[in-house]
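Just data.pdb here, PDB, C-alpha atoms:
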```pdb
ATOM      1  CA  MET A   1     -10.692  36.501  -7.512  1.00  0.00           C
ATOM      2  CA  LYS A   2      -8.257  34.068  -9.126  1.00  0.00           C
ATOM      3  CA  LYS A   3      -8.368  36.050 -12.385  1.00  0.00           C
ATOM      4  CA  ILE A   4      -7.578  39.306 -10.554  1.00  0.00           C
ATOM      5  CA  PHE A   5      -4.669  37.652  -8.748  1.00  0.00           C
ATOM      6  CA  THR A   6      -3.291  36.327 -12.058  1.00  0.00           C
ATOM      7  CA  ILE A   7      -3.457  39.801 -13.641  1.00  0.00           C
ATOM      8  CA  LEU A   8      -1.722  41.275 -10.601  1.00  0.00           C
ATOM      9  CA  LEU A   9       1.130  38.769 -10.824  1.00  0.00           C
ATOM     10  CA  ALA A  10       1.535  39.523 -14.537  1.00  0.00           C
ATOM     11  CA  ALA A  11       1.688  43.245 -13.863  1.00  0.00           C
ATOM     12  CA  ILE A  12       4.340  42.762 -11.195  1.00  0.00           C
ATOM     13  CA  ALA A  13       6.382  40.528 -13.504  1.00  0.00           C
ATOM     14  CA  MET A  14       6.278  43.158 -16.249  1.00  0.00           C
ATOM     15  CA  GLY A  15       7.264  45.913 -13.858  1.00  0.00           C
ATOM     16  CA  PHE A  16       4.042  47.945 -14.025  1.00  0.00           C
ATOM     17  CA  LEU A  17       3.633  47.895 -10.253  1.00  0.00           C
ATOM     18  CA  GLY A  18       6.202  48.784  -7.652  1.00  0.00           C
ATOM     19  CA  GLY A  19       8.691  50.266 -10.099  1.00  0.00           C
ATOM     20  CA  CYS A  20      10.574  48.374 -12.785  1.00  0.00           C
ATOM     21  CA  SER A  21      13.597  46.152 -12.220  1.00  0.00           C
ATOM     22  CA  ASP A  22      14.928  42.999 -13.835  1.00  0.00           C
ATOM     23  CA  GLY A  23      13.602  39.761 -12.429  1.00  0.00           C
ATOM     24  CA  GLY A  24      16.890  37.896 -12.442  1.00  0.00           C
ATOM     25  CA  ASP A  25      15.443  35.244 -14.733  1.00  0.00           C
ATOM     26  CA  SER A  26      18.628  33.791 -16.218  1.00  0.00           C
ATOM     27  CA  GLY A  27      16.604  31.740 -18.678  1.00  0.00           C
ATOM     28  CA  SER A  28      15.093  34.777 -20.363  1.00  0.00           C
ATOM     29  CA  GLN A  29      16.477  36.781 -23.240  1.00  0.00           C
ATOM     30  CA  GLN A  30      19.301  39.196 -22.444  1.00  0.00           C
ATOM     31  CA  VAL A  31      18.370  42.755 -23.344  1.00  0.00           C
ATOM     32  CA  SER A  32      20.765  45.296 -24.874  1.00  0.00           C
ATOM     33  CA  ALA A  33      21.127  49.039 -24.498  1.00  0.00           C
ATOM     34  CA  PRO A  34      18.759  51.156 -26.630  1.00  0.00           C
ATOM     35  CA  THR A  35      20.045  52.723 -29.845  1.00  0.00           C
ATOM     36  CA  GLY A  36      18.880  55.682 -31.895  1.00  0.00           C
ATOM     37  CA  LEU A  37      18.223  57.977 -28.945  1.00  0.00           C
ATOM     38  CA  SER A  38      16.985  61.453 -29.921  1.00  0.00           C
ATOM     39  CA  ALA A  39      16.255  64.432 -27.678  1.00  0.00           C
ATOM     40  CA  SER A  40      14.185  67.486 -28.560  1.00  0.00           C
ATOM     41  CA  ALA A  41      13.252  70.375 -26.277  1.00  0.00           C
ATOM     42  CA  LYS A  42       9.493  70.993 -26.125  1.00  0.00           C
ATOM     43  CA  SER A  43       9.402  73.898 -23.671  1.00  0.00           C
ATOM     44  CA  SER A  44      11.599  75.768 -21.213  1.00  0.00           C
ATOM     45  CA  THR A  45      11.232  72.900 -18.735  1.00  0.00           C
ATOM     46  CA  SER A  46      10.748  69.713 -20.795  1.00  0.00           C
ATOM     47  CA  VAL A  47      12.551  67.537 -23.351  1.00  0.00           C
ATOM     48  CA  ARG A  48      11.043  64.760 -25.457  1.00  0.00           C
ATOM     49  CA  LEU A  49      13.069  61.538 -25.833  1.00  0.00           C
ATOM     50  CA  ARG A  50      12.661  58.750 -28.384  1.00  0.00           C
ATOM     51  CA  TRP A  51      14.713  55.648 -29.104  1.00  0.00           C
ATOM     52  CA  ASN A  52      14.522  52.345 -30.970  1.00  0.00           C
ATOM     53  CA  PRO A  53      12.505  49.717 -29.088  1.00  0.00           C
ATOM     54  CA  VAL A  54      14.459  46.802 -27.645  1.00  0.00           C
ATOM     55  CA  GLU A  55      13.135  43.266 -27.970  1.00  0.00           C
ATOM     56  CA  GLY A  56      12.431  41.721 -24.576  1.00  0.00           C
ATOM     57  CA  ALA A  57      12.242  45.060 -22.754  1.00  0.00           C
ATOM     58  CA  SER A  58       9.950  45.315 -19.732  1.00  0.00           C
ATOM     59  CA  CYS A  59      10.626  49.028 -19.349  1.00  0.00           C
ATOM     60  CA  TYR A  60      13.339  51.665 -19.712  1.00  0.00           C
ATOM     61  CA  ASN A  61      15.165  53.793 -17.170  1.00  0.00           C
ATOM     62  CA  ILE A  62      16.160  57.369 -18.003  1.00  0.00           C
ATOM     63  CA  GLN A  63      18.836  59.590 -16.528  1.00  0.00           C
ATOM     64  CA  TYR A  64      19.988  63.116 -17.375  1.00  0.00           C
ATOM     65  CA  ASN A  65      22.894  65.413 -16.591  1.00  0.00           C
ATOM     66  CA  ASP A  66      22.854  69.205 -16.347  1.00  0.00           C
ATOM     67  CA  GLY A  67      26.637  69.447 -16.549  1.00  0.00           C
ATOM     68  CA  TYR A  68      27.162  68.799 -12.856  1.00  0.00           C
ATOM     69  CA  SER A  69      25.660  65.420 -11.954  1.00  0.00           C
ATOM     70  CA  TRP A  70      23.390  62.648 -13.202  1.00  0.00           C
ATOM     71  CA  THR A  71      19.770  62.531 -12.049  1.00  0.00           C
ATOM     72  CA  SER A  72      17.451  59.547 -12.473  1.00  0.00           C
ATOM     73  CA  GLU A  73      13.999  60.211 -13.885  1.00  0.00           C
ATOM     74  CA  GLY A  74      11.572  59.170 -11.159  1.00  0.00           C
ATOM     75  CA  SER A  75       9.306  56.954 -13.276  1.00  0.00           C
ATOM     76  CA  PRO A  76      10.368  54.357 -15.855  1.00  0.00           C
ATOM     77  CA  ALA A  77       9.102  54.463 -19.434  1.00  0.00           C
ATOM     78  CA  TYR A  78       7.066  51.523 -20.712  1.00  0.00           C
ATOM     79  CA  THR A  79       7.306  52.534 -24.375  1.00  0.00           C
ATOM     80  CA  ASN A  80      10.223  53.795 -26.455  1.00  0.00           C
ATOM     81  CA  GLU A  81       9.515  57.471 -25.793  1.00  0.00           C
ATOM     82  CA  CYS A  82       8.937  59.804 -22.879  1.00  0.00           C
ATOM     83  CA  THR A  83       8.982  63.454 -21.832  1.00  0.00           C
ATOM     84  CA  VAL A  84      11.352  64.538 -19.080  1.00  0.00           C
ATOM     85  CA  SER A  85       9.855  67.491 -17.205  1.00  0.00           C
ATOM     86  CA  ASP A  86      10.706  69.899 -14.358  1.00  0.00           C
ATOM     87  CA  LEU A  87      13.987  70.925 -16.002  1.00  0.00           C
ATOM     88  CA  TYR A  88      15.657  74.345 -15.834  1.00  0.00           C
ATOM     89  CA  PRO A  89      15.126  76.887 -18.643  1.00  0.00           C
ATOM     90  CA  TYR A  90      17.863  77.459 -21.230  1.00  0.00           C
ATOM     91  CA  THR A  91      20.036  74.645 -19.868  1.00  0.00           C
ATOM     92  CA  ASN A  92      22.003  72.003 -21.762  1.00  0.00           C
ATOM     93  CA  TYR A  93      21.145  68.460 -20.697  1.00  0.00           C
ATOM     94  CA  SER A  94      22.597  65.084 -21.659  1.00  0.00           C
ATOM     95  CA  PHE A  95      20.262  62.089 -21.622  1.00  0.00           C
ATOM     96  CA  GLN A  96      20.791  58.333 -21.471  1.00  0.00           C
ATOM     97  CA  VAL A  97      18.405  55.369 -21.516  1.00  0.00           C
ATOM     98  CA  ARG A  98      18.849  51.752 -20.476  1.00  0.00           C
ATOM     99  CA  THR A  99      16.716  48.673 -20.979  1.00  0.00           C
ATOM    100  CA  VAL A 100      15.244  46.607 -18.169  1.00  0.00           C
ATOM    101  CA  GLY A 101      14.343  43.022 -19.091  1.00  0.00           C
ATOM    102  CA  ARG A 102      13.271  39.922 -17.212  1.00  0.00           C
ATOM    103  CA  SER A 103      16.832  38.637 -16.953  1.00  0.00           C
ATOM    104  CA  ASN A 104      19.036  41.741 -16.837  1.00  0.00           C
ATOM    105  CA  THR A 105      19.395  45.499 -17.025  1.00  0.00           C
ATOM    106  CA  SER A 106      21.486  46.778 -19.924  1.00  0.00           C
ATOM    107  CA  GLU A 107      24.279  49.318 -19.937  1.00  0.00           C
ATOM    108  CA  TRP A 108      23.320  52.941 -20.483  1.00  0.00           C
ATOM    109  CA  SER A 109      22.899  54.053 -24.074  1.00  0.00           C
ATOM    110  CA  SER A 110      25.063  56.653 -25.771  1.00  0.00           C
ATOM    111  CA  SER A 111      24.265  60.188 -24.611  1.00  0.00           C
ATOM    112  CA  LYS A 112      22.132  62.652 -26.535  1.00  0.00           C
ATOM    113  CA  SER A 113      21.968  66.343 -25.674  1.00  0.00           C
ATOM    114  CA  ALA A 114      19.291  69.028 -25.904  1.00  0.00           C
ATOM    115  CA  ARG A 115      18.913  72.538 -24.542  1.00  0.00           C
ATOM    116  CA  THR A 116      15.614  73.666 -23.052  1.00  0.00           C
ATOM    117  CA  TRP A 117      13.934  76.812 -24.360  1.00  0.00           C
ATOM    118  CA  ILE A 118      14.484  80.267 -22.929  1.00  0.00           C
ATOM    119  CA  GLY A 119      11.982  80.726 -20.114  1.00  0.00           C
ATOM    120  CA  LYS A 120       9.243  83.337 -20.024  1.00  0.00           C
ATOM    121  CA  PRO A 121      10.209  86.616 -18.328  1.00  0.00           C
ATOM    122  CA  VAL A 122       8.384  88.110 -15.371  1.00  0.00           C
ATOM    123  CA  VAL A 123       6.499  91.235 -16.479  1.00  0.00           C
ATOM    124  CA  GLN A 124       4.808  93.923 -14.402  1.00  0.00           C
ATOM    125  CA  ALA A 125       2.459  96.540 -15.848  1.00  0.00           C
ATOM    126  CA  ILE A 126       1.919  99.980 -14.346  1.00  0.00           C
ATOM    127  CA  LYS A 127      -0.858 102.295 -15.526  1.00  0.00           C
ATOM    128  CA  SER A 128      -0.085 105.985 -15.938  1.00  0.00           C
ATOM    129  CA  GLY A 129      -3.363 107.797 -16.303  1.00  0.00           C
ATOM    130  CA  SER A 130      -5.903 106.235 -18.666  1.00  0.00           C
ATOM    131  CA  THR A 131      -3.873 106.010 -21.882  1.00  0.00           C
ATOM    132  CA  THR A 132      -0.356 104.898 -20.910  1.00  0.00           C
ATOM    133  CA  VAL A 133       1.096 101.596 -19.650  1.00  0.00           C
ATOM    134  CA  THR A 134       4.697 101.053 -18.517  1.00  0.00           C
ATOM    135  CA  LEU A 135       6.114  97.511 -18.588  1.00  0.00           C
ATOM    136  CA  ILE A 136       8.836  96.373 -16.191  1.00  0.00           C
ATOM    137  CA  ILE A 137      10.608  93.271 -17.525  1.00  0.00           C
ATOM    138  CA  THR A 138      12.841  90.964 -15.492  1.00  0.00           C
ATOM    139  CA  PRO A 139      15.698  89.501 -17.610  1.00  0.00           C
ATOM    140  CA  VAL A 140      15.903  85.751 -18.183  1.00  0.00           C
ATOM    141  CA  LYS A 141      18.853  83.493 -18.938  1.00  0.00           C
ATOM    142  CA  GLY A 142      19.761  83.209 -22.625  1.00  0.00           C
ATOM    143  CA  ALA A 143      17.867  86.263 -23.893  1.00  0.00           C
ATOM    144  CA  ALA A 144      19.755  88.926 -25.867  1.00  0.00           C
ATOM    145  CA  SER A 145      16.670  91.068 -26.509  1.00  0.00           C
ATOM    146  CA  TYR A 146      12.925  91.171 -25.901  1.00  0.00           C
ATOM    147  CA  GLY A 147      10.213  91.840 -28.457  1.00  0.00           C
ATOM    148  CA  VAL A 148       7.215  93.665 -26.989  1.00  0.00           C
ATOM    149  CA  TYR A 149       3.733  93.391 -28.523  1.00  0.00           C
ATOM    150  CA  TYR A 150       0.218  94.484 -27.608  1.00  0.00           C
ATOM    151  CA  GLY A 151      -3.375  93.838 -28.642  1.00  0.00           C
ATOM    152  CA  THR A 152      -6.951  93.738 -27.422  1.00  0.00           C
ATOM    153  CA  THR A 153      -7.202  89.927 -27.256  1.00  0.00           C
ATOM    154  CA  SER A 154      -5.146  87.220 -25.564  1.00  0.00           C
ATOM    155  CA  ASN A 155      -4.144  85.790 -28.962  1.00  0.00           C
ATOM    156  CA  PHE A 156      -0.429  86.410 -29.451  1.00  0.00           C
ATOM    157  CA  ASN A 157      -0.697  85.873 -33.211  1.00  0.00           C
ATOM    158  CA  SER A 158      -2.967  88.910 -33.564  1.00  0.00           C
ATOM    159  CA  ALA A 159      -0.809  91.218 -31.415  1.00  0.00           C
ATOM    160  CA  GLN A 160       1.101  94.157 -32.875  1.00  0.00           C
ATOM    161  CA  TYR A 161       4.813  94.709 -32.353  1.00  0.00           C
ATOM    162  CA  PHE A 162       5.768  98.089 -30.876  1.00  0.00           C
ATOM    163  CA  ALA A 163       9.190  97.867 -29.211  1.00  0.00           C
ATOM    164  CA  THR A 164      12.402  95.895 -28.693  1.00  0.00           C
ATOM    165  CA  ALA A 165      14.089  96.056 -25.300  1.00  0.00           C
ATOM    166  CA  TYR A 166      17.784  95.309 -24.762  1.00  0.00           C
ATOM    167  CA  PRO A 167      19.406  94.470 -21.411  1.00  0.00           C
ATOM    168  CA  GLU A 168      21.708  97.161 -20.025  1.00  0.00           C
ATOM    169  CA  ASN A 169      24.046  96.325 -17.142  1.00  0.00           C
ATOM    170  CA  GLY A 170      21.946  93.355 -16.071  1.00  0.00           C
ATOM    171  CA  SER A 171      18.540  95.046 -16.246  1.00  0.00           C
ATOM    172  CA  ILE A 172      16.045  96.060 -18.923  1.00  0.00           C
ATOM    173  CA  PRO A 173      14.897  99.665 -19.380  1.00  0.00           C
ATOM    174  CA  ASP A 174      11.178 100.140 -18.788  1.00  0.00           C
ATOM    175  CA  VAL A 175       9.030  99.959 -21.914  1.00  0.00           C
ATOM    176  CA  LYS A 176       6.238 102.517 -22.244  1.00  0.00           C
ATOM    177  CA  LYS A 177       3.181 102.347 -24.503  1.00  0.00           C
ATOM    178  CA  THR A 178       1.228 105.558 -24.970  1.00  0.00           C
ATOM    179  CA  GLY A 179      -1.863 106.527 -26.948  1.00  0.00           C
ATOM    180  CA  LEU A 180      -4.064 103.720 -25.652  1.00  0.00           C
ATOM    181  CA  THR A 181      -7.852 104.032 -25.324  1.00  0.00           C
ATOM    182  CA  ALA A 182      -9.427 104.591 -21.923  1.00  0.00           C
ATOM    183  CA  GLY A 183     -11.926 101.936 -20.881  1.00  0.00           C
ATOM    184  CA  LYS A 184     -10.323  99.137 -22.923  1.00  0.00           C
ATOM    185  CA  THR A 185      -8.436  96.049 -21.808  1.00  0.00           C
ATOM    186  CA  TYR A 186      -5.059  95.516 -23.445  1.00  0.00           C
ATOM    187  CA  TYR A 187      -2.861  92.440 -23.555  1.00  0.00           C
ATOM    188  CA  PHE A 188       0.914  92.848 -23.605  1.00  0.00           C
ATOM    189  CA  PHE A 189       3.290  90.103 -24.729  1.00  0.00           C
ATOM    190  CA  VAL A 190       7.040  89.926 -24.125  1.00  0.00           C
ATOM    191  CA  MET A 191       9.012  87.428 -26.232  1.00  0.00           C
ATOM    192  CA  PRO A 192      12.691  86.769 -25.413  1.00  0.00           C
ATOM    193  CA  PHE A 193      15.092  86.360 -28.323  1.00  0.00           C
ATOM    194  CA  SER A 194      18.534  84.760 -28.170  1.00  0.00           C
ATOM    195  CA  SER A 195      21.558  85.673 -30.234  1.00  0.00           C
ATOM    196  CA  GLY A 196      21.279  82.222 -31.858  1.00  0.00           C
ATOM    197  CA  THR A 197      18.373  79.968 -32.772  1.00  0.00           C
ATOM    198  CA  SER A 198      16.990  79.031 -29.357  1.00  0.00           C
ATOM    199  CA  GLN A 199      13.229  78.952 -28.952  1.00  0.00           C
ATOM    200  CA  ALA A 200      11.534  80.788 -26.103  1.00  0.00           C
ATOM    201  CA  GLU A 201       8.263  81.151 -24.222  1.00  0.00           C
ATOM    202  CA  TYR A 202       6.520  84.518 -24.162  1.00  0.00           C
ATOM    203  CA  ALA A 203       4.965  86.196 -21.144  1.00  0.00           C
ATOM    204  CA  MET A 204       1.518  87.803 -21.245  1.00  0.00           C
ATOM    205  CA  ILE A 205      -0.080  90.382 -18.959  1.00  0.00           C
ATOM    206  CA  SER A 206      -3.401  92.199 -19.277  1.00  0.00           C
ATOM    207  CA  VAL A 207      -4.254  95.751 -18.198  1.00  0.00           C
ATOM    208  CA  SER A 208      -7.659  97.386 -18.017  1.00  0.00           C
ATOM    209  CA  LEU A 209      -7.585 101.163 -18.452  1.00  0.00           C
TER     210      LEU A 209
END
```

Can I see the file as structure tokens?
Amino acid sequence: MKKIFTILLAAIAMGFLGGCSDGGDSGSQQVSAPTGLSASAKSSTSVRLRWNPVEGASCYNIQYNDGYSWTSEGSPAYTNECTVSDLYPYTNYSFQVRTVGRSNTSEWSSSKSARTWIGKPVVQAIKSGSTTVTLIITPVKGAASYGVYYGTTSNFNSAQYFATAYPENGSIPDVKKTGLTAGKTYYFFVMPFSSGTSQAEYAMISVSL
């Protein structure tokens, strides 16, 4: 029992339980703000952060700004990297990190920005007879065009391109694929493309004829 209690006290002191905040120990080493912060989008809703470790750190707090206000990441990071999730697609974010030590909490680091990927569009598929499928695509933020592909497996890399759709007055014209084989299941993929270099997530929908 004594050993368990000792471990529990150590965990609390290091900030692993009940959040992470400095202990006000004036005799401990003062910690500084992290340097070398980098930010890289990993999906339409997440960004990966890395920074140089700080000696004496118990944990790190993260905050981000979508251009309107700062939001604190709910959980602290206990290493010098983390993934911030539940972000909005195709949105520019600024990130900052600060160090929490046993004696103090540092200032926020310099900001680093990243833009999340273009999100996957919503796609509906309508069968017309036994050989034709019409796709209805809902536009997404950041996309200038949409590549449309199809195949007989759920593997995007083996799908064949057959059309490019361009938004017109805020909507996308329906995309029709004819000449399909009755009795087969087809997989349709819609990949958004930006006018720049932004990455995107594709949507997939299957139709059995």

List as JSON, numbers by chain the protein and nucleic acid residues near stretch 183-189 of chain A, meaning an atom at most 8 Å away when all atoms listed in the file are counted, but skip any in the same chain fewer than 6 places from it. {"A": [130, 148, 149, 150, 151, 152, 153, 154, 156, 159, 202, 203, 204, 205, 206, 207, 208, 209]}

Applying the PyMOL selection byres ((chain A and resi 80) around 7) to the file I just gave you, which residues come out? Please list them as a tab-separated table (two decimals) with C-alpha atoms, in the frame of the given file.
```tsv
chain	number	residue	atom	x	y	z
A	50	ARG	CA	12.66	58.75	-28.38
A	51	TRP	CA	14.71	55.65	-29.10
A	52	ASN	CA	14.52	52.34	-30.97
A	53	PRO	CA	12.50	49.72	-29.09
A	78	TYR	CA	7.07	51.52	-20.71
A	79	THR	CA	7.31	52.53	-24.38
A	81	GLU	CA	9.52	57.47	-25.79
```

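Comparing A:Asn65, A:Thr71, A:Ser110, A:Ser128 by their smallest distance to A:Asn92, the closest is A:Asn65 (using all atoms listed in the file).
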
Going by the chain IDs and residue numbers used in this file, which residues fall under the PyMOL selection byres ((chain A and resi 137-143) around 12)? Write them as a CSV table (one decimal) with C-alpha atoms, in the frame of the given file.
```csv
chain,number,residue,atom,x,y,z
A,44,SER,CA,11.6,75.8,-21.2
A,88,TYR,CA,15.7,74.3,-15.8
A,89,PRO,CA,15.1,76.9,-18.6
A,90,TYR,CA,17.9,77.5,-21.2
A,91,THR,CA,20.0,74.6,-19.9
A,92,ASN,CA,22.0,72.0,-21.8
A,115,ARG,CA,18.9,72.5,-24.5
A,116,THR,CA,15.6,73.7,-23.1
A,117,TRP,CA,13.9,76.8,-24.4
A,118,ILE,CA,14.5,80.3,-22.9
A,119,GLY,CA,12.0,80.7,-20.1
A,120,LYS,CA,9.2,83.3,-20.0
A,121,PRO,CA,10.2,86.6,-18.3
A,122,VAL,CA,8.4,88.1,-15.4
A,123,VAL,CA,6.5,91.2,-16.5
A,124,GLN,CA,4.8,93.9,-14.4
A,125,ALA,CA,2.5,96.5,-15.8
A,126,ILE,CA,1.9,100.0,-14.3
A,134,THR,CA,4.7,101.1,-18.5
A,135,LEU,CA,6.1,97.5,-18.6
A,136,ILE,CA,8.8,96.4,-16.2
A,144,ALA,CA,19.8,88.9,-25.9
A,145,SER,CA,16.7,91.1,-26.5
A,146,TYR,CA,12.9,91.2,-25.9
A,147,GLY,CA,10.2,91.8,-28.5
A,148,VAL,CA,7.2,93.7,-27.0
A,164,THR,CA,12.4,95.9,-28.7
A,165,ALA,CA,14.1,96.1,-25.3
A,166,TYR,CA,17.8,95.3,-24.8
A,167,PRO,CA,19.4,94.5,-21.4
A,168,GLU,CA,21.7,97.2,-20.0
A,169,ASN,CA,24.0,96.3,-17.1
A,170,GLY,CA,21.9,93.4,-16.1
A,171,SER,CA,18.5,95.0,-16.2
A,172,ILE,CA,16.0,96.1,-18.9
A,173,PRO,CA,14.9,99.7,-19.4
A,174,ASP,CA,11.2,100.1,-18.8
A,175,VAL,CA,9.0,100.0,-21.9
A,176,LYS,CA,6.2,102.5,-22.2
A,188,PHE,CA,0.9,92.8,-23.6
A,189,PHE,CA,3.3,90.1,-24.7
A,190,VAL,CA,7.0,89.9,-24.1
A,191,MET,CA,9.0,87.4,-26.2
A,192,PRO,CA,12.7,86.8,-25.4
A,193,PHE,CA,15.1,86.4,-28.3
A,194,SER,CA,18.5,84.8,-28.2
A,195,SER,CA,21.6,85.7,-30.2
A,196,GLY,CA,21.3,82.2,-31.9
A,197,THR,CA,18.4,80.0,-32.8
A,198,SER,CA,17.0,79.0,-29.4
A,199,GLN,CA,13.2,79.0,-29.0
A,200,ALA,CA,11.5,80.8,-26.1
A,201,GLU,CA,8.3,81.2,-24.2
A,202,TYR,CA,6.5,84.5,-24.2
A,203,ALA,CA,5.0,86.2,-21.1
A,204,MET,CA,1.5,87.8,-21.2
A,205,ILE,CA,-0.1,90.4,-19.0
```

On this structure, which residues satisfy the PyMOL selection byres ((chain A and resi 93-100) around 8), written as a ChimeraX atom specification? /A:20-22,31-34,37,39,54,57-67,91-92,101-102,104-116

For atom CA of A:Ser38 and atom CA of A:Val84, the interatomic separation in Å (one decimal):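 These atoms are spaced 12.6 Å apart.
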
Nearest-residue call for A:Leu180, choices A:Ser158, A:Glu55, A:Thr131, A:Pro76, using all atoms listed in the file: A:Thr131

Enter the distance from atom CA of A:Ser72 to atom CA of A:Leu87, in Å, rounded to one decimal. 12.4 Å

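Here atom CA of A:Glu73 stands at a distance of 12.2 Å from atom CA of A:Ser46.
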
For a quick check of understanding, using all atoms listed in the file, which of A:Ser40, A:Thr132, A:Ser85, A:Gln30 has the smallest distance to A:Gly56?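 Smallest separation from A:Gly56 among the options: A:Gln30.
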
Would you mind writing stretch 62-80 of chain A with N, CA and C atoms, as a PDB file, keeping the file's coordinate frame?
```
ATOM      1  N   ILE A  62      15.602  56.163 -17.395  1.00  0.00           N
ATOM      2  CA  ILE A  62      16.160  57.369 -18.003  1.00  0.00           C
ATOM      3  C   ILE A  62      16.959  58.132 -16.963  1.00  0.00           C
ATOM      4  N   GLN A  63      18.088  58.680 -17.389  1.00  0.00           N
ATOM      5  CA  GLN A  63      18.836  59.590 -16.528  1.00  0.00           C
ATOM      6  C   GLN A  63      19.310  60.782 -17.364  1.00  0.00           C
ATOM      7  N   TYR A  64      19.558  61.904 -16.672  1.00  0.00           N
ATOM      8  CA  TYR A  64      19.988  63.116 -17.375  1.00  0.00           C
ATOM      9  C   TYR A  64      21.004  63.874 -16.536  1.00  0.00           C
ATOM     10  N   ASN A  65      21.795  64.684 -17.233  1.00  0.00           N
ATOM     11  CA  ASN A  65      22.894  65.413 -16.591  1.00  0.00           C
ATOM     12  C   ASN A  65      22.837  66.863 -17.020  1.00  0.00           C
ATOM     13  N   ASP A  66      22.894  67.778 -16.050  1.00  0.00           N
ATOM     14  CA  ASP A  66      22.854  69.205 -16.347  1.00  0.00           C
ATOM     15  C   ASP A  66      24.250  69.825 -16.423  1.00  0.00           C
ATOM     16  N   GLY A  67      25.258  68.974 -16.509  1.00  0.00           N
ATOM     17  CA  GLY A  67      26.637  69.447 -16.549  1.00  0.00           C
ATOM     18  C   GLY A  67      27.345  69.308 -15.224  1.00  0.00           C
ATOM     19  N   TYR A  68      26.580  68.940 -14.190  1.00  0.00           N
ATOM     20  CA  TYR A  68      27.162  68.799 -12.856  1.00  0.00           C
ATOM     21  C   TYR A  68      27.026  67.381 -12.309  1.00  0.00           C
ATOM     22  N   SER A  69      25.866  66.770 -12.490  1.00  0.00           N
ATOM     23  CA  SER A  69      25.660  65.420 -11.954  1.00  0.00           C
ATOM     24  C   SER A  69      24.513  64.744 -12.696  1.00  0.00           C
ATOM     25  N   TRP A  70      24.461  63.422 -12.587  1.00  0.00           N
ATOM     26  CA  TRP A  70      23.390  62.648 -13.202  1.00  0.00           C
ATOM     27  C   TRP A  70      22.213  62.545 -12.255  1.00  0.00           C
ATOM     28  N   THR A  71      21.015  62.651 -12.807  1.00  0.00           N
ATOM     29  CA  THR A  71      19.770  62.531 -12.049  1.00  0.00           C
ATOM     30  C   THR A  71      18.905  61.473 -12.715  1.00  0.00           C
ATOM     31  N   SER A  72      18.338  60.578 -11.925  1.00  0.00           N
ATOM     32  CA  SER A  72      17.451  59.547 -12.473  1.00  0.00           C
ATOM     33  C   SER A  72      16.038  60.086 -12.569  1.00  0.00           C
ATOM     34  N   GLU A  73      15.409  59.870 -13.734  1.00  0.00           N
ATOM     35  CA  GLU A  73      13.999  60.211 -13.885  1.00  0.00           C
ATOM     36  C   GLU A  73      13.197  59.313 -12.962  1.00  0.00           C
ATOM     37  N   GLY A  74      12.266  59.897 -12.214  1.00  0.00           N
ATOM     38  CA  GLY A  74      11.572  59.170 -11.159  1.00  0.00           C
ATOM     39  C   GLY A  74      10.789  57.961 -11.628  1.00  0.00           C
ATOM     40  N   SER A  75      10.147  58.048 -12.800  1.00  0.00           N
ATOM     41  CA  SER A  75       9.306  56.954 -13.276  1.00  0.00           C
ATOM     42  C   SER A  75       9.917  56.324 -14.520  1.00  0.00           C
ATOM     43  N   PRO A  76       9.865  55.001 -14.635  1.00  0.00           N
ATOM     44  CA  PRO A  76      10.368  54.357 -15.855  1.00  0.00           C
ATOM     45  C   PRO A  76       9.425  54.586 -17.031  1.00  0.00           C
ATOM     46  N   ALA A  77       9.919  54.379 -18.222  1.00  0.00           N
ATOM     47  CA  ALA A  77       9.102  54.463 -19.434  1.00  0.00           C
ATOM     48  C   ALA A  77       8.751  53.054 -19.875  1.00  0.00           C
ATOM     49  N   TYR A  78       7.510  52.848 -20.279  1.00  0.00           N
ATOM     50  CA  TYR A  78       7.066  51.523 -20.712  1.00  0.00           C
ATOM     51  C   TYR A  78       6.925  51.438 -22.229  1.00  0.00           C
ATOM     52  N   THR A  79       7.216  52.538 -22.917  1.00  0.00           N
ATOM     53  CA  THR A  79       7.306  52.534 -24.375  1.00  0.00           C
ATOM     54  C   THR A  79       8.640  53.174 -24.743  1.00  0.00           C
ATOM     55  N   ASN A  80       8.917  53.287 -26.029  1.00  0.00           N
ATOM     56  CA  ASN A  80      10.223  53.795 -26.455  1.00  0.00           C
ATOM     57  C   ASN A  80      10.222  55.318 -26.646  1.00  0.00           C
TER      58      ASN A  80
END
```
